[in-house]
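For reference, my_file27.txt is printed below; it contains compact mmCIF, C-alpha atoms.
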# COMPACT_ATOMS: atom_id res chain seq x y z
CA MET A 5 -3.35 18.17 18.09
CA MET A 6 -3.04 15.30 15.56
CA GLN A 7 -5.49 15.41 12.70
CA GLN A 8 -7.53 12.28 12.06
CA MET A 9 -6.52 10.78 8.71
CA GLU A 10 -9.12 9.52 6.28
CA THR A 11 -7.96 6.10 5.10
CA HIS A 12 -9.13 4.47 1.89
CA ARG A 13 -9.45 0.73 1.19
CA ASP A 14 -6.90 0.91 -1.62
CA GLY A 15 -4.33 2.26 0.83
CA GLY A 16 -3.26 5.75 1.62
CA ASP A 17 -4.58 8.86 3.18
CA ALA A 18 -6.14 11.39 0.85
CA GLU A 19 -3.90 14.26 1.98
CA VAL A 20 -0.70 12.18 1.87
CA ARG A 21 -1.64 10.88 -1.58
CA ALA A 22 -2.32 14.39 -2.87
CA GLU A 23 0.97 15.73 -1.47
CA ALA A 24 2.96 12.84 -2.93
CA ASP A 25 1.19 13.14 -6.28
CA ALA A 26 1.97 16.86 -6.41
CA HIS A 27 5.65 15.90 -6.10
CA GLY A 28 5.57 13.17 -8.78
CA ILE A 29 5.17 10.16 -6.47
CA GLU A 30 2.19 7.80 -6.43
CA PHE A 31 1.20 4.89 -4.24
CA ARG A 32 1.72 1.53 -5.93
CA ARG A 33 -0.07 -1.70 -5.04
CA LEU A 34 2.34 -4.10 -3.37
CA LYS A 35 1.62 -6.77 -5.98
CA ASP A 36 2.64 -4.29 -8.70
CA LEU A 37 6.19 -3.75 -7.40
CA ARG A 38 8.60 -4.02 -10.34
CA GLU A 39 12.04 -3.78 -8.76
CA PRO A 40 13.45 -7.13 -7.57
CA LEU A 41 14.89 -5.48 -4.43
CA CYS A 42 11.48 -4.13 -3.40
CA ARG A 43 9.76 -7.46 -4.07
CA ASP A 44 12.51 -9.37 -2.19
CA MET A 45 12.36 -7.10 0.86
CA LEU A 46 8.55 -7.32 1.00
CA ALA A 47 8.71 -11.14 0.76
CA TYR A 48 11.36 -11.24 3.50
CA TRP A 49 9.32 -8.91 5.75
CA ASN A 50 6.24 -11.13 5.27
CA GLU A 51 8.27 -14.27 6.02
CA VAL A 52 9.70 -12.84 9.24
CA ARG A 53 6.43 -11.38 10.54
CA GLY A 54 4.39 -14.56 10.03
CA ALA A 55 0.85 -14.03 11.30
CA ARG A 56 1.68 -10.84 13.24
CA ALA A 57 1.03 -7.32 12.02
CA MET A 58 4.75 -6.42 12.05
CA PRO A 59 8.03 -8.16 12.80
CA HIS A 60 10.35 -7.11 15.64
CA PRO A 61 13.40 -5.08 14.48
CA GLY A 62 15.69 -7.67 16.11
CA GLU A 63 14.27 -10.37 13.85
CA ILE A 64 15.53 -8.63 10.73
CA ASP A 65 18.79 -10.36 9.79
CA PRO A 66 21.04 -7.94 7.88
CA VAL A 67 23.08 -10.86 6.53
CA ARG A 68 20.00 -12.00 4.56
CA PHE A 69 19.95 -8.75 2.60
CA ALA A 70 23.56 -7.54 2.90
CA ARG A 71 23.82 -7.07 -0.88
CA HIS A 72 20.88 -4.64 -0.69
CA MET A 73 22.32 -2.46 2.09
CA PRO A 74 23.21 0.44 -0.26
CA ASN A 75 19.51 0.83 -1.07
CA LEU A 76 18.09 0.58 2.43
CA LEU A 77 17.09 3.14 5.00
CA MET A 78 15.72 2.91 8.52
CA VAL A 79 13.59 5.54 10.18
CA GLN A 80 13.15 5.65 13.98
CA VAL A 81 9.59 6.44 15.05
CA ASN A 82 9.26 8.31 18.36
CA TRP A 83 5.73 8.69 19.70
CA ASP A 84 5.86 11.07 22.66
CA PRO A 85 6.25 13.60 21.19
CA PHE A 86 5.89 12.27 17.67
CA ASP A 87 9.04 12.63 15.60
CA LEU A 88 11.03 10.72 12.98
CA THR A 89 14.79 10.28 12.81
CA TYR A 90 16.97 8.61 10.19
CA ARG A 91 18.79 5.66 11.83
CA LEU A 92 20.38 4.17 8.72
CA LEU A 93 21.00 5.36 5.19
CA GLY A 94 22.67 3.01 2.70
CA GLY A 95 25.29 4.28 0.27
CA ASP A 96 22.96 4.73 -2.71
CA VAL A 97 20.46 6.55 -0.50
CA VAL A 98 23.27 8.79 0.82
CA ASN A 99 24.41 9.49 -2.77
CA ALA A 100 20.86 10.44 -3.77
CA HIS A 101 20.49 12.72 -0.76
CA GLY A 102 23.94 14.24 -1.22
CA ALA A 103 24.84 13.68 2.44
CA ASN A 104 24.45 11.18 5.24
CA PHE A 105 21.63 12.34 7.48
CA ARG A 106 21.91 9.42 9.90
CA GLY A 107 20.85 10.64 13.34
CA ARG A 108 19.00 13.67 11.95
CA ARG A 109 15.30 14.35 12.05
CA VAL A 110 13.42 13.74 8.81
CA LEU A 111 12.13 17.31 8.89
CA ASP A 112 15.71 18.60 9.13
CA SER A 113 16.83 16.85 5.94
CA PRO A 114 17.48 19.42 3.21
CA SER A 115 18.15 16.71 0.61
CA HIS A 116 14.94 17.18 -1.35
CA THR A 117 13.86 20.22 -3.26
CA GLY A 118 10.91 22.29 -2.14
CA SER A 119 8.89 20.97 0.76
CA PHE A 120 9.41 17.27 0.08
CA SER A 121 10.93 16.61 3.51
CA LYS A 122 7.54 17.58 4.95
CA VAL A 123 5.84 15.20 2.51
CA LEU A 124 8.19 12.39 3.60
CA PHE A 125 7.47 13.16 7.25
CA ARG A 126 3.71 12.90 6.67
CA PHE A 127 4.16 9.73 4.62
CA TYR A 128 6.34 8.01 7.25
CA LYS A 129 3.89 9.09 9.95
CA PHE A 130 1.09 7.57 7.89
CA VAL A 131 2.99 4.26 7.44
CA ALA A 132 3.70 4.17 11.18
CA GLY A 133 0.03 4.66 12.00
CA GLU A 134 -1.26 2.17 9.45
CA GLN A 135 1.20 -0.55 10.57
CA ARG A 136 1.42 -2.15 7.14
CA PRO A 137 3.76 -1.90 4.15
CA TYR A 138 3.32 0.70 1.44
CA ALA A 139 4.95 1.04 -1.94
CA VAL A 140 5.52 4.18 -3.98
CA ALA A 141 6.90 4.96 -7.41
CA GLY A 142 7.46 7.98 -9.60
CA THR A 143 10.03 10.73 -9.85
CA MET A 144 11.78 12.70 -7.14
CA GLU A 145 14.09 15.64 -7.25
CA TYR A 146 17.12 15.47 -4.97
CA THR A 147 19.35 18.45 -4.42
CA ALA A 148 22.42 16.29 -5.17
CA ARG A 149 21.20 14.20 -8.13
CA GLY A 150 18.39 16.14 -9.72
CA ARG A 151 15.35 14.22 -10.97
CA VAL A 152 15.42 10.44 -10.62
CA GLY A 153 12.95 7.63 -11.13
CA VAL A 154 12.10 5.90 -7.83
CA GLU A 155 10.41 2.75 -6.63
CA ALA A 156 10.35 1.99 -2.92
CA VAL A 157 8.67 -0.17 -0.33
CA TYR A 158 8.36 0.87 3.32
CA LEU A 159 8.01 -1.85 5.97
CA PRO A 160 6.97 -1.11 9.58
CA LEU A 161 8.70 -2.84 12.50
CA SER A 162 7.51 -3.06 16.11
CA LEU A 163 9.33 -3.59 19.40
CA ASP A 164 6.20 -4.56 21.32
CA GLY A 165 3.89 -5.80 18.56
CA SER A 166 1.38 -3.00 19.07
CA ARG A 167 2.90 0.13 17.50
CA THR A 168 5.44 0.96 14.84
CA ASP A 169 8.87 1.83 16.21
CA ARG A 170 10.90 1.73 12.99
CA ILE A 171 10.30 1.79 9.26
CA LEU A 172 12.61 -0.17 6.98
CA GLY A 173 12.70 1.25 3.47
CA ALA A 174 14.07 -0.33 0.29
CA VAL A 175 14.62 2.32 -2.39
CA ILE A 176 15.76 2.00 -5.99
CA SER A 177 16.48 5.25 -7.80
CA THR A 178 17.47 5.43 -11.45
CA GLU A 179 18.89 8.34 -13.38
CA LEU A 180 16.44 9.98 -15.77
CA SER A 181 17.69 11.10 -19.14
CA ARG A 182 18.36 14.80 -19.27
CA ARG A 183 16.51 16.70 -21.98
If you took the structure in this file and wrote it as structure tokens, what would it be?
Amino acid sequence: MMQQMETHRDGGDAEVRAEADAHGIEFRRLKDLREPLCRDMLAYWNEVRGARAMPHPGEIDPVRFARHMPNLLMVQVNWDPFDLTYRLLGGDVVNAHGANFRGRRVLDSPSHTGSFSKVLFRFYKFVAGEQRPYAVAGTMEYTARGRVGVEAVYLPLSLDGSRTDRILGAVISTELSRR
């Protein structure tokens, strides 16, 4: 049985926030995005969706953001039963993960240390349910790259206009100095 999530006005579910925070990631207000890629993708998503809650995946023109492809990911949202699958992982995302998990379930991705794949699953599920963009920033630890600084924006897409079917993510990760 799905647990009801307590949502706050400033965005985010208390449990998802706590899990992310425990792993060095925090929610960021959309207007506080720093990375040009994240700001550009959010602006493009808003332009395409217009007055609707979410744009249709077919309306997203990859030519418009071809230069950003290495930093993009797409997650397929399946509702019955609920599950999440990676549909697309750009080259930088693959390098950070250490492998290409395209076609694999999010929960089956061993690219993060500890239980972070479970945190990502809960976060993507939250974004799908909320049907609006969310931004995060902080540090993550990948099995292939170690600790990196991250800023990302996650943008829901809908086939029928009523539920999230995909999540488009734009992720910038930067190497942290080793001490």
| At what distance in Å, to one decimal, does atom CA of Tyr128 of chain A lie from atom CA of Leu41 of chain A? | 19.8 Å
| said: Can you tell me which residues surround Leu37 of chain A at a distance of at most 8 Å, considering only C-alpha atoms, apart from same-chain residues fewer than 6 positions away, and format the answer as a list in words? | reply: Arg43, Ala139 and Glu155 of chain A
| said: Residues near segment 68-76 of chain A, anyone? I mean within 7 Å using only C-alpha atoms, not counting same-chain ones fewer than 4 positions away, as a PyMOL selection string. | reply: chain A and resi 93-97+173-176
| Using only C-alpha atoms, which residues sit within 9 Å of segment 134-137 of chain A once same-chain residues fewer than 3 positions away are excluded, as number ranges by chain? | A: 11, 16, 34, 46, 57-58, 129-131, 157-162, 166-168
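Distances from A:Glu179, A:Glu23, A:Asp87, A:Asp65 to Val110 of chain A were compared using all atoms listed in the file, and the smallest one belongs to A:Asp87.
Picture a line from atom CA of Val152 of chain A to atom CA of Leu88 of chain A; it runs 24.0 Å.
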| query | Skipping near chain neighbours, those fewer than 4 positions away, what residues fall within 9 Å of Asp112 of chain A using only C-alpha atoms, listed as a VMD selection string? | reply | chain A and resid 105 108 121
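The closest residue to Val81 of chain A, picked from A:Val154, A:Ala18, A:Leu180, A:Leu172 and counting all atoms listed in the file, is A:Leu172.
Atom pair atom CA of Phe127 of chain A / atom CA of Ile29 of chain A: separated by 11.1 Å.
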Could you write out as JSON the box around segment 176-179 of chain A (axis-aligned, all atoms listed in the file, 5 Å on each side), with centre and edge lengths in Å to one decimal?
{"center_x": 17.3, "center_y": 5.2, "center_z": -9.7, "size_x": 13.1, "size_y": 16.3, "size_z": 17.4}
| query | Between A:Gly28, A:Lys122, A:Ser177, A:Ile171, which one has atoms that come closest to Arg91 of chain A, using all atoms listed in the file? | reply | A:Ile171
